[in-house]
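K.L.:
Contents of final20.pdb (PDB, C-alpha atoms, pLDDT in the B column) are given next:
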```pdb
ATOM      1  CA  MET U   1       0.000   0.000   0.000  1.00 74.00           C
ATOM      2  CA  MET U   2       1.338   3.421  -0.937  1.00 94.00           C
ATOM      3  CA  THR U   3       2.494   5.742   1.851  1.00 97.00           C
ATOM      4  CA  LEU U   4       0.338   8.871   1.835  1.00 98.00           C
ATOM      5  CA  LEU U   5       1.882  10.739   4.781  1.00 98.00           C
ATOM      6  CA  GLU U   6       5.388  10.317   6.183  1.00 98.00           C
ATOM      7  CA  LEU U   7       6.974  12.136   9.103  1.00 98.00           C
ATOM      8  CA  LYS U   8      10.696  11.745   9.810  1.00 98.00           C
ATOM      9  CA  ASP U   9      12.374  13.215  12.892  1.00 97.00           C
ATOM     10  CA  VAL U  10       9.828  16.016  13.111  1.00 98.00           C
ATOM     11  CA  THR U  11      10.478  18.787  15.625  1.00 98.00           C
ATOM     12  CA  ALA U  12       8.089  21.576  16.573  1.00 97.00           C
ATOM     13  CA  PHE U  13       8.209  24.734  18.633  1.00 93.00           C
ATOM     14  CA  TYR U  14       5.872  27.157  20.371  1.00 93.00           C
ATOM     15  CA  GLY U  15       8.037  30.267  20.397  1.00 91.00           C
ATOM     16  CA  PRO U  16      11.362  29.199  21.932  1.00 91.00           C
ATOM     17  CA  VAL U  17       9.877  26.083  23.574  1.00 93.00           C
ATOM     18  CA  GLN U  18      10.523  22.796  21.763  1.00 95.00           C
ATOM     19  CA  VAL U  19       7.582  20.402  22.055  1.00 96.00           C
ATOM     20  CA  LEU U  20       8.461  17.714  19.479  1.00 97.00           C
ATOM     21  CA  ASP U  21      11.943  16.234  19.390  1.00 96.00           C
ATOM     22  CA  GLY U  22      11.920  13.474  16.797  1.00 94.00           C
ATOM     23  CA  VAL U  23       8.474  12.208  15.790  1.00 97.00           C
ATOM     24  CA  SER U  24       8.448   9.658  12.970  1.00 97.00           C
ATOM     25  CA  LEU U  25       5.385   7.865  11.638  1.00 97.00           C
ATOM     26  CA  SER U  26       3.656   7.027   8.385  1.00 97.00           C
ATOM     27  CA  VAL U  27       0.064   6.675   7.194  1.00 98.00           C
ATOM     28  CA  PRO U  28      -0.700   4.475   4.184  1.00 97.00           C
ATOM     29  CA  ASP U  29      -3.168   5.627   1.568  1.00 97.00           C
ATOM     30  CA  GLY U  30      -6.586   4.570   2.882  1.00 97.00           C
ATOM     31  CA  GLY U  31      -5.113   3.447   6.215  1.00 97.00           C
ATOM     32  CA  ALA U  32      -5.829   4.609   9.764  1.00 98.00           C
ATOM     33  CA  VAL U  33      -3.064   5.221  12.301  1.00 98.00           C
ATOM     34  CA  GLY U  34      -3.389   6.236  15.936  1.00 97.00           C
ATOM     35  CA  ILE U  35      -1.188   8.431  18.103  1.00 96.00           C
ATOM     36  CA  LEU U  36      -1.150   7.483  21.780  1.00 93.00           C
ATOM     37  CA  GLY U  37       0.577   9.203  24.682  1.00 91.00           C
ATOM     38  CA  ALA U  38       0.088  10.936  28.000  1.00 87.00           C
ATOM     39  CA  ASN U  39      -0.992  14.564  28.261  1.00 87.00           C
ATOM     40  CA  GLY U  40       1.878  16.754  27.106  1.00 90.00           C
ATOM     41  CA  ALA U  41       3.480  14.021  24.982  1.00 93.00           C
ATOM     42  CA  GLY U  42       3.067  16.046  21.783  1.00 96.00           C
ATOM     43  CA  LYS U  43       0.077  14.365  20.150  1.00 96.00           C
ATOM     44  CA  THR U  44      -1.889  17.506  19.289  1.00 95.00           C
ATOM     45  CA  THR U  45       1.300  19.338  18.288  1.00 97.00           C
ATOM     46  CA  THR U  46       2.081  16.550  15.793  1.00 98.00           C
ATOM     47  CA  LEU U  47      -1.236  17.183  14.040  1.00 97.00           C
ATOM     48  CA  ARG U  48      -0.612  20.932  14.115  1.00 96.00           C
ATOM     49  CA  ALA U  49       2.826  20.436  12.567  1.00 97.00           C
ATOM     50  CA  ILE U  50       1.235  18.510   9.689  1.00 98.00           C
ATOM     51  CA  SER U  51      -1.482  21.104   9.123  1.00 96.00           C
ATOM     52  CA  GLY U  52       1.017  23.967   9.188  1.00 96.00           C
ATOM     53  CA  SER U  53      -0.145  25.758  12.313  1.00 94.00           C
ATOM     54  CA  VAL U  54       3.121  25.429  14.299  1.00 95.00           C
ATOM     55  CA  ARG U  55       6.761  25.962  13.306  1.00 94.00           C
ATOM     56  CA  ALA U  56       8.243  22.553  12.497  1.00 96.00           C
ATOM     57  CA  GLY U  57      11.519  20.970  11.470  1.00 96.00           C
ATOM     58  CA  GLY U  58      12.383  17.574  10.048  1.00 97.00           C
ATOM     59  CA  SER U  59      10.538  16.034   7.116  1.00 98.00           C
ATOM     60  CA  ILE U  60       6.763  16.063   6.538  1.00 98.00           C
ATOM     61  CA  ARG U  61       5.804  14.556   3.187  1.00 98.00           C
ATOM     62  CA  PHE U  62       2.269  14.179   1.837  1.00 98.00           C
ATOM     63  CA  ASP U  63       1.645  12.270  -1.373  1.00 96.00           C
ATOM     64  CA  GLY U  64       5.350  12.494  -2.159  1.00 95.00           C
ATOM     65  CA  ARG U  65       5.778  16.241  -1.680  1.00 95.00           C
ATOM     66  CA  ASP U  66       7.401  18.141   1.165  1.00 96.00           C
ATOM     67  CA  ILE U  67       4.713  20.169   2.968  1.00 97.00           C
ATOM     68  CA  ARG U  68       6.688  21.294   6.016  1.00 96.00           C
ATOM     69  CA  GLY U  69       6.182  25.011   6.474  1.00 92.00           C
ATOM     70  CA  THR U  70       3.214  25.171   4.095  1.00 96.00           C
ATOM     71  CA  ARG U  71       0.435  27.537   5.146  1.00 95.00           C
ATOM     72  CA  PRO U  72      -2.650  25.852   6.688  1.00 95.00           C
ATOM     73  CA  ASP U  73      -4.936  26.945   3.843  1.00 93.00           C
ATOM     74  CA  ARG U  74      -2.571  25.410   1.286  1.00 95.00           C
ATOM     75  CA  VAL U  75      -2.305  22.207   3.322  1.00 97.00           C
ATOM     76  CA  ALA U  76      -6.115  21.992   3.325  1.00 95.00           C
ATOM     77  CA  ALA U  77      -6.176  22.564  -0.439  1.00 94.00           C
ATOM     78  CA  LEU U  78      -3.780  19.624  -0.899  1.00 96.00           C
ATOM     79  CA  GLY U  79      -6.335  17.300   0.690  1.00 96.00           C
ATOM     80  CA  ILE U  80      -5.711  17.296   4.451  1.00 98.00           C
ATOM     81  CA  ALA U  81      -8.659  18.104   6.759  1.00 96.00           C
ATOM     82  CA  HIS U  82      -8.004  18.780  10.454  1.00 95.00           C
ATOM     83  CA  VAL U  83     -10.704  18.276  13.110  1.00 94.00           C
ATOM     84  CA  PRO U  84      -9.113  20.026  16.092  1.00 89.00           C
ATOM     85  CA  GLU U  85      -9.564  19.285  19.764  1.00 82.00           C
ATOM     86  CA  GLY U  86     -12.515  21.383  20.876  1.00 68.00           C
ATOM     87  CA  ARG U  87     -14.337  20.696  17.586  1.00 65.00           C
ATOM     88  CA  GLY U  88     -14.004  24.089  15.883  1.00 68.00           C
ATOM     89  CA  THR U  89     -17.517  24.420  14.474  1.00 73.00           C
ATOM     90  CA  LEU U  90     -18.782  27.884  13.510  1.00 73.00           C
ATOM     91  CA  GLY U  91     -21.292  28.493  16.266  1.00 71.00           C
ATOM     92  CA  ASP U  92     -23.248  31.347  14.688  1.00 79.00           C
ATOM     93  CA  LEU U  93     -23.936  29.340  11.527  1.00 92.00           C
ATOM     94  CA  THR U  94     -26.470  26.559  11.087  1.00 95.00           C
ATOM     95  CA  VAL U  95     -25.591  22.908  10.663  1.00 95.00           C
ATOM     96  CA  ARG U  96     -26.281  23.151   6.920  1.00 95.00           C
ATOM     97  CA  GLU U  97     -24.144  26.288   6.587  1.00 95.00           C
ATOM     98  CA  ASN U  98     -21.260  24.605   8.429  1.00 93.00           C
ATOM     99  CA  LEU U  99     -21.443  21.667   6.033  1.00 96.00           C
ATOM    100  CA  ARG U 100     -21.515  23.920   2.982  1.00 94.00           C
ATOM    101  CA  ILE U 101     -18.498  25.880   4.271  1.00 92.00           C
ATOM    102  CA  GLY U 102     -16.639  22.576   4.560  1.00 92.00           C
ATOM    103  CA  ALA U 103     -17.037  22.231   0.784  1.00 93.00           C
ATOM    104  CA  TYR U 104     -16.040  25.775  -0.164  1.00 88.00           C
ATOM    105  CA  MET U 105     -12.862  24.753  -2.030  1.00 85.00           C
ATOM    106  CA  ARG U 106     -14.535  22.025  -4.070  1.00 86.00           C
ATOM    107  CA  ARG U 107     -15.111  22.370  -7.795  1.00 87.00           C
ATOM    108  CA  ASP U 108     -17.654  19.524  -8.089  1.00 90.00           C
ATOM    109  CA  ARG U 109     -20.559  21.726  -7.001  1.00 87.00           C
ATOM    110  CA  LYS U 110     -23.242  19.243  -8.086  1.00 89.00           C
ATOM    111  CA  ALA U 111     -21.914  16.603  -5.687  1.00 91.00           C
ATOM    112  CA  ILE U 112     -22.175  18.844  -2.621  1.00 94.00           C
ATOM    113  CA  ALA U 113     -25.902  18.332  -1.952  1.00 94.00           C
ATOM    114  CA  PRO U 114     -25.663  14.510  -2.154  1.00 95.00           C
ATOM    115  CA  ASP U 115     -22.655  14.627   0.194  1.00 96.00           C
ATOM    116  CA  ILE U 116     -24.630  16.686   2.706  1.00 96.00           C
ATOM    117  CA  ASP U 117     -27.374  14.040   2.513  1.00 96.00           C
ATOM    118  CA  TYR U 118     -24.735  11.362   3.151  1.00 96.00           C
ATOM    119  CA  CYS U 119     -23.472  13.220   6.249  1.00 96.00           C
ATOM    120  CA  LEU U 120     -27.019  13.463   7.598  1.00 96.00           C
ATOM    121  CA  GLU U 121     -27.502   9.747   7.041  1.00 95.00           C
ATOM    122  CA  LEU U 122     -24.153   9.026   8.712  1.00 94.00           C
ATOM    123  CA  PHE U 123     -25.020  11.263  11.686  1.00 94.00           C
ATOM    124  CA  PRO U 124     -28.838  11.114  11.929  1.00 94.00           C
ATOM    125  CA  GLN U 125     -28.835  13.333  15.035  1.00 92.00           C
ATOM    126  CA  LEU U 126     -27.779  16.214  12.785  1.00 95.00           C
ATOM    127  CA  LYS U 127     -30.713  15.726  10.429  1.00 93.00           C
ATOM    128  CA  ASN U 128     -33.187  17.070  12.980  1.00 91.00           C
ATOM    129  CA  ARG U 129     -30.871  19.990  13.771  1.00 93.00           C
ATOM    130  CA  ILE U 130     -30.084  21.019  10.189  1.00 95.00           C
ATOM    131  CA  THR U 131     -31.412  24.575  10.685  1.00 95.00           C
ATOM    132  CA  SER U 132     -30.091  24.948  14.251  1.00 93.00           C
ATOM    133  CA  ALA U 133     -27.082  27.102  15.054  1.00 92.00           C
ATOM    134  CA  ALA U 134     -24.024  24.974  15.769  1.00 92.00           C
ATOM    135  CA  SER U 135     -23.688  26.661  19.165  1.00 92.00           C
ATOM    136  CA  ALA U 136     -27.076  25.178  20.162  1.00 93.00           C
ATOM    137  CA  LEU U 137     -25.934  21.598  19.595  1.00 93.00           C
ATOM    138  CA  SER U 138     -24.867  19.195  22.327  1.00 92.00           C
ATOM    139  CA  GLY U 139     -21.179  18.344  22.638  1.00 90.00           C
ATOM    140  CA  GLY U 140     -21.691  15.068  20.823  1.00 91.00           C
ATOM    141  CA  GLU U 141     -23.638  16.729  18.019  1.00 93.00           C
ATOM    142  CA  GLN U 142     -20.918  19.376  17.653  1.00 93.00           C
ATOM    143  CA  GLN U 143     -18.315  16.631  17.330  1.00 93.00           C
ATOM    144  CA  MET U 144     -20.399  14.890  14.679  1.00 93.00           C
ATOM    145  CA  LEU U 145     -20.749  18.187  12.806  1.00 95.00           C
ATOM    146  CA  ALA U 146     -17.006  18.818  12.958  1.00 94.00           C
ATOM    147  CA  VAL U 147     -16.261  15.408  11.422  1.00 95.00           C
ATOM    148  CA  ALA U 148     -18.984  15.827   8.808  1.00 95.00           C
ATOM    149  CA  ARG U 149     -17.745  19.291   7.870  1.00 95.00           C
ATOM    150  CA  ALA U 150     -14.220  17.923   7.410  1.00 95.00           C
ATOM    151  CA  PHE U 151     -15.595  15.142   5.183  1.00 96.00           C
ATOM    152  CA  MET U 152     -17.343  17.765   3.040  1.00 96.00           C
ATOM    153  CA  ALA U 153     -13.913  18.981   1.918  1.00 95.00           C
ATOM    154  CA  LYS U 154     -13.409  15.522   0.347  1.00 95.00           C
ATOM    155  CA  PRO U 155      -9.914  15.155   1.848  1.00 96.00           C
ATOM    156  CA  ARG U 156      -7.506  12.293   1.243  1.00 97.00           C
ATOM    157  CA  LEU U 157      -6.352  12.486   4.884  1.00 98.00           C
ATOM    158  CA  LEU U 158      -8.359  13.312   8.007  1.00 98.00           C
ATOM    159  CA  LEU U 159      -6.506  14.502  11.125  1.00 97.00           C
ATOM    160  CA  LEU U 160      -8.744  13.748  14.098  1.00 96.00           C
ATOM    161  CA  ASP U 161      -7.867  15.173  17.529  1.00 96.00           C
ATOM    162  CA  GLU U 162      -9.569  13.734  20.631  1.00 93.00           C
ATOM    163  CA  ALA U 163     -12.983  13.084  19.099  1.00 92.00           C
ATOM    164  CA  SER U 164     -14.276  11.539  22.334  1.00 92.00           C
ATOM    165  CA  LEU U 165     -13.130  14.371  24.632  1.00 89.00           C
ATOM    166  CA  GLY U 166     -15.863  15.431  27.049  1.00 89.00           C
ATOM    167  CA  LEU U 167     -18.439  13.027  25.634  1.00 91.00           C
ATOM    168  CA  ALA U 168     -20.460  10.440  27.527  1.00 92.00           C
ATOM    169  CA  PRO U 169     -19.222   6.907  26.761  1.00 93.00           C
ATOM    170  CA  SER U 170     -22.321   5.992  24.716  1.00 93.00           C
ATOM    171  CA  THR U 171     -22.061   9.208  22.679  1.00 93.00           C
ATOM    172  CA  ALA U 172     -18.337   8.681  22.089  1.00 93.00           C
ATOM    173  CA  LYS U 173     -19.054   5.154  20.842  1.00 94.00           C
ATOM    174  CA  ASN U 174     -21.721   6.474  18.436  1.00 93.00           C
ATOM    175  CA  VAL U 175     -19.281   9.063  17.076  1.00 93.00           C
ATOM    176  CA  TYR U 176     -16.573   6.449  16.543  1.00 95.00           C
ATOM    177  CA  ASP U 177     -18.987   3.970  14.984  1.00 95.00           C
ATOM    178  CA  ALA U 178     -19.858   6.639  12.397  1.00 94.00           C
ATOM    179  CA  ILE U 179     -16.195   7.534  11.834  1.00 95.00           C
ATOM    180  CA  ARG U 180     -15.370   3.861  11.276  1.00 96.00           C
ATOM    181  CA  ARG U 181     -18.194   3.583   8.744  1.00 95.00           C
ATOM    182  CA  LEU U 182     -16.966   6.771   7.050  1.00 95.00           C
ATOM    183  CA  ARG U 183     -13.514   5.260   6.726  1.00 95.00           C
ATOM    184  CA  GLU U 184     -14.845   1.994   5.300  1.00 95.00           C
ATOM    185  CA  GLU U 185     -17.140   3.667   2.775  1.00 95.00           C
ATOM    186  CA  SER U 186     -14.996   6.612   1.678  1.00 94.00           C
ATOM    187  CA  GLY U 187     -11.446   5.238   1.836  1.00 94.00           C
ATOM    188  CA  ILE U 188     -10.201   8.434   3.527  1.00 97.00           C
ATOM    189  CA  ALA U 189      -6.912   7.895   5.356  1.00 98.00           C
ATOM    190  CA  MET U 190      -6.950   8.921   9.026  1.00 98.00           C
ATOM    191  CA  LEU U 191      -4.430   9.977  11.664  1.00 98.00           C
ATOM    192  CA  VAL U 192      -6.179   9.775  15.012  1.00 97.00           C
ATOM    193  CA  VAL U 193      -5.180  11.272  18.371  1.00 96.00           C
ATOM    194  CA  GLU U 194      -7.301   9.680  21.090  1.00 90.00           C
ATOM    195  CA  GLN U 195      -6.983   9.339  24.863  1.00 85.00           C
ATOM    196  CA  ASN U 196      -9.487   6.466  24.890  1.00 86.00           C
ATOM    197  CA  ALA U 197      -7.268   3.765  23.422  1.00 87.00           C
ATOM    198  CA  ASN U 198     -10.091   1.208  23.398  1.00 88.00           C
ATOM    199  CA  LEU U 199     -12.024   3.412  20.971  1.00 91.00           C
ATOM    200  CA  ALA U 200      -8.908   4.170  18.940  1.00 92.00           C
ATOM    201  CA  PHE U 201      -7.948   0.513  18.530  1.00 93.00           C
ATOM    202  CA  GLU U 202     -11.404  -0.255  17.106  1.00 92.00           C
ATOM    203  CA  LEU U 203     -10.726   2.255  14.310  1.00 96.00           C
ATOM    204  CA  VAL U 204      -6.993   2.225  13.552  1.00 97.00           C
ATOM    205  CA  ASP U 205      -4.803  -0.487  12.026  1.00 97.00           C
ATOM    206  CA  SER U 206      -1.641   0.594  13.856  1.00 97.00           C
ATOM    207  CA  ALA U 207      -0.445   3.246  16.290  1.00 96.00           C
ATOM    208  CA  THR U 208       2.604   5.175  17.397  1.00 95.00           C
ATOM    209  CA  VAL U 209       3.233   5.965  21.065  1.00 94.00           C
ATOM    210  CA  LEU U 210       4.764   9.345  21.924  1.00 94.00           C
ATOM    211  CA  GLU U 211       6.645  10.219  25.104  1.00 93.00           C
ATOM    212  CA  THR U 212       7.893  13.770  25.713  1.00 93.00           C
ATOM    213  CA  GLY U 213       7.792  14.650  22.037  1.00 96.00           C
ATOM    214  CA  ARG U 214       9.435  11.508  20.687  1.00 95.00           C
ATOM    215  CA  SER U 215       8.149   8.371  18.969  1.00 95.00           C
ATOM    216  CA  VAL U 216       9.031   5.484  21.268  1.00 93.00           C
ATOM    217  CA  LEU U 217       6.933   2.584  20.000  1.00 92.00           C
ATOM    218  CA  THR U 218       5.051   1.664  16.826  1.00 94.00           C
ATOM    219  CA  GLY U 219       3.033  -1.460  16.123  1.00 94.00           C
ATOM    220  CA  THR U 220      -0.213  -2.879  14.832  1.00 95.00           C
ATOM    221  CA  SER U 221      -3.287  -2.465  16.989  1.00 93.00           C
ATOM    222  CA  THR U 222      -3.146  -6.153  17.891  1.00 92.00           C
ATOM    223  CA  GLU U 223       0.535  -5.998  18.871  1.00 92.00           C
ATOM    224  CA  LEU U 224       0.047  -2.931  21.036  1.00 91.00           C
ATOM    225  CA  ARG U 225      -3.089  -4.271  22.741  1.00 87.00           C
ATOM    226  CA  ASP U 226      -1.086  -7.298  23.862  1.00 86.00           C
ATOM    227  CA  ARG U 227       1.751  -5.312  25.473  1.00 87.00           C
ATOM    228  CA  ASP U 228       1.504  -5.071  29.248  1.00 85.00           C
ATOM    229  CA  GLU U 229       2.732  -1.477  29.410  1.00 82.00           C
ATOM    230  CA  ILE U 230       0.129  -0.375  26.840  1.00 83.00           C
ATOM    231  CA  ARG U 231      -2.647  -2.172  28.700  1.00 81.00           C
ATOM    232  CA  ARG U 232      -1.641  -0.565  31.990  1.00 80.00           C
ATOM    233  CA  ALA U 233      -1.186   2.942  30.581  1.00 79.00           C
ATOM    234  CA  TYR U 234      -4.028   3.217  28.084  1.00 75.00           C
ATOM    235  CA  LEU U 235      -6.462   0.318  28.389  1.00 67.00           C
ATOM    236  CA  GLY U 236      -7.123   0.227  32.102  1.00 62.00           C
ATOM    237  CA  GLY U 237      -5.819  -3.296  32.427  1.00 52.00           C
TER     238      GLY U 237
END
```
How does the structure come out when it is put into structure tokens?
P.N.:
Amino acid sequence: MMTLLELKDVTAFYGPVQVLDGVSLSVPDGGAVGILGANGAGKTTTLRAISGSVRAGGSIRFDGRDIRGTRPDRVAALGIAHVPEGRGTLGDLTVRENLRIGAYMRRDRKAIAPDIDYCLELFPQLKNRITSAASALSGGEQQMLAVARAFMAKPRLLLLDEASLGLAPSTAKNVYDAIRRLREESGIAMLVVEQNANLAFELVDSATVLETGRSVLTGTSTELRDRDEIRRAYLGG
């Protein structure tokens, strides 16, 4: 399977403070990879380095081209959609308007309406809230809208940051069930940051573990599930 995204020895900084100090991972075309780690390990910063919103060093290649240092709007235009921690929906706009804004760079205008219908079928809770302001939605509905809006850009790679954060367990499971279906039906590659490793392992094929800004362990979901230190740290076992 072709490698779609490859990071080699990536560093990243907030001002003078170095947060990443050698992150390496790869995402195959159509594959799903997780990033695990404690708070402060650099998971969110890794996604920000890819999307161009923090100063980064090392090598970040997408579809064979070097994108390190590329502006976030250009990264999005290349086919990378970022669903940030905290969801990032446009609260003053309706659900439908949020979905249409997700598609603003697309040229296939006739396909936008059917794709909105698909999102509403994927996340039926949004169907009844289509004319509601995003700010009026529950946390789970806002997360669903954020994922759906990212899908509307028709990306090749989805960066997903803590999709279960702050959600009740049943709501988080519903969100991840829909994301897994989206992956299966669309073929979009995914790089997933998730504190709830049980949810992550149901979606991703493999994962990389970060500690203090470095990649320390990579393996398939099955391999990592079976490691005692992973079970103790991330699986509650």
K.L.:
Expand the PyMOL selection byres ((chain U and resi 25) around 7) into the explicit residue set it covers here, and present it as an NGL selection string.
P.N.:
:U and (6-8 or 23-24 or 26 or 208)
K.L.:
So the first atom is CA of Gly15 (chain U) and the second is CA of Ile67 (chain U); what is the distance between them in Å, to one decimal place?
P.N.:
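CA of Gly15 (chain U) sits 20.4 Å away from CA of Ile67 (chain U).
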K.L.:
Separation of CA of Gly139 (chain U) and CA of Arg106 (chain U), in Å?
P.N.:
27.8 Å
K.L.:
What would the list of residues within 9 Å of (4.8, 7.9, 22.9) (file frame) look like as a ChimeraX atom specification, if all atoms listed in the file are what count?
P.N.:
/U:35-38,41-43,208-218
K.L.:
Have a look at U:Glu194, U:Asp21, U:Asp63, U:Asp228 and name the one nearest to Pro84 (chain U); count only C-alpha atoms.
P.N.:
U:Glu194
K.L.:
At what distance in Å, to one decimal, does CA of Ser221 (chain U) lie from CA of Lys173 (chain U)?
P.N.:
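Going from CA of Lys173 (chain U) over to CA of Ser221 (chain U), I get 17.9 Å.
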K.L.:
With distances taken over all atoms listed in the file, which residue among U:Met144, U:Ala134, U:Gly40, U:Val17 lies nearest Glu121 (chain U)?
P.N.:
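Answer, going by the shortest atom-to-atom distance: U:Met144.
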K.L.:
Looking at U:Val10, U:Asp108, U:Met2, U:Lys154, which one is nearest to Ser59 (chain U), with distances taken over all atoms listed in the file?
P.N.:
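Closest residue, counting all atoms listed in the file: U:Val10.
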K.L.:
Please provide as a list in words all residues within 12 Å of Arg225 (chain U), with the sequence filter that same-chain residues fewer than 6 positions apart are discarded (counting only C-alpha atoms).
P.N.:
Leu36, Ala197, Asn198, Leu199, Ala200, Phe201, Glu202, Val204, Asp205, Ser206, Ala207, Thr218, Gly219, Arg231, Arg232, Ala233, Tyr234, Leu235, Gly236 and Gly237 of chain U
K.L.:
Restricting the calculation to all atoms listed in the file, which member of U:Leu137, U:Ala111, U:Val75, U:Ala153 is positioned closest to Leu90 (chain U)?
P.N.:
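Using all atoms listed in the file, the shortest distance to Leu90 (chain U) belongs to U:Leu137.
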K.L.:
Please provide the set of residues having any atom within 12 Å of Thr94 (chain U), restricted to all atoms listed in the file, with same-chain residues fewer than 6 positions apart removed, written as a list in words.
P.N.:
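Listed by chain and then number, they are Arg100, Ile101, Leu126, Lys127, Asn128, Arg129, Ile130, Thr131, Ser132, Ala133, Ala134, Ser135, Ala136, Leu137, Gln142, Leu145 and Arg149 of chain U.
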K.L.:
If we count only C-alpha atoms and set the cut-off at 12 Å, which residues sit around Thr171 (chain U), ignoring sequence neighbours fewer than 3 positions away in its own chain? Please answer as a ChimeraX atom specification.
P.N.:
/U:123,125,138-144,163-168,174-178,199
K.L.:
Using all atoms listed in the file, find the one residue out of U:Leu182, U:Ala12, U:Thr89, U:Gly34 that sits nearest to Arg55 (chain U).
P.N.:
U:Ala12
K.L.:
For the file shown, what are the residues hit by the PyMOL selection byres ((chain U and resi 190) around 12), laid out as an MDAnalysis selection string?
P.N.:
chainID U and resid 4:5 26:35 47 79:83 147 150:151 155:161 179:180 182:184 186:189 191:193 200 203:207
K.L.:
Give the answer as one residue: which of U:Met105, U:Val54, U:Ala146, U:Tyr14 has the shortest atom-to-atom distance to Glu162 (chain U), using all atoms listed in the file?
P.N.:
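The answer is U:Ala146, which sits nearest to Glu162 (chain U).
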K.L.:
Could you work out an axis-aligned bounding box for all listed atoms of region 135-152 of chain U, with 5 Å added on each of the six sides, and give its centre and edge lengths in Å to one decimal, as JSON?
P.N.:
```
{"center_x": -20.6, "center_y": 20.8, "center_z": 12.8, "size_x": 22.9, "size_y": 21.8, "size_z": 29.6}
```
K.L.:
How about completing region 98-109 of chain U with N, CA and C atoms and giving it to me as a PDB file, keeping the file's coordinate frame?
P.N.:
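Just written: out30.pdb:
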```pdb
ATOM      1  N   ASN U  98     -22.562  25.179   8.080  1.00 93.00           N
ATOM      2  CA  ASN U  98     -21.260  24.605   8.429  1.00 93.00           C
ATOM      3  C   ASN U  98     -20.836  23.565   7.402  1.00 93.00           C
ATOM      4  N   LEU U  99     -21.773  22.710   7.006  1.00 96.00           N
ATOM      5  CA  LEU U  99     -21.443  21.667   6.033  1.00 96.00           C
ATOM      6  C   LEU U  99     -21.084  22.274   4.679  1.00 96.00           C
ATOM      7  N   ARG U 100     -21.810  23.290   4.272  1.00 94.00           N
ATOM      8  CA  ARG U 100     -21.515  23.920   2.982  1.00 94.00           C
ATOM      9  C   ARG U 100     -20.150  24.625   3.018  1.00 94.00           C
ATOM     10  N   ILE U 101     -19.811  25.222   4.157  1.00 92.00           N
ATOM     11  CA  ILE U 101     -18.498  25.880   4.271  1.00 92.00           C
ATOM     12  C   ILE U 101     -17.381  24.840   4.178  1.00 92.00           C
ATOM     13  N   GLY U 102     -17.642  23.633   4.687  1.00 92.00           N
ATOM     14  CA  GLY U 102     -16.639  22.576   4.560  1.00 92.00           C
ATOM     15  C   GLY U 102     -16.285  22.276   3.115  1.00 92.00           C
ATOM     16  N   ALA U 103     -17.226  22.556   2.208  1.00 93.00           N
ATOM     17  CA  ALA U 103     -17.037  22.231   0.784  1.00 93.00           C
ATOM     18  C   ALA U 103     -16.621  23.443  -0.056  1.00 93.00           C
ATOM     19  N   TYR U 104     -16.196  24.520   0.596  1.00 88.00           N
ATOM     20  CA  TYR U 104     -16.040  25.775  -0.164  1.00 88.00           C
ATOM     21  C   TYR U 104     -14.928  25.720  -1.208  1.00 88.00           C
ATOM     22  N   MET U 105     -13.948  24.816  -1.046  1.00 85.00           N
ATOM     23  CA  MET U 105     -12.862  24.753  -2.030  1.00 85.00           C
ATOM     24  C   MET U 105     -13.145  23.763  -3.157  1.00 85.00           C
ATOM     25  N   ARG U 106     -14.262  23.062  -3.069  1.00 86.00           N
ATOM     26  CA  ARG U 106     -14.535  22.025  -4.070  1.00 86.00           C
ATOM     27  C   ARG U 106     -15.018  22.616  -5.389  1.00 86.00           C
ATOM     28  N   ARG U 107     -14.659  21.944  -6.467  1.00 87.00           N
ATOM     29  CA  ARG U 107     -15.111  22.370  -7.795  1.00 87.00           C
ATOM     30  C   ARG U 107     -16.333  21.567  -8.266  1.00 87.00           C
ATOM     31  N   ASP U 108     -16.527  20.374  -7.655  1.00 90.00           N
ATOM     32  CA  ASP U 108     -17.654  19.524  -8.089  1.00 90.00           C
ATOM     33  C   ASP U 108     -18.930  19.957  -7.370  1.00 90.00           C
ATOM     34  N   ARG U 109     -19.449  21.121  -7.744  1.00 87.00           N
ATOM     35  CA  ARG U 109     -20.559  21.726  -7.001  1.00 87.00           C
ATOM     36  C   ARG U 109     -21.805  20.839  -6.971  1.00 87.00           C
TER      37      ARG U 109
END
```
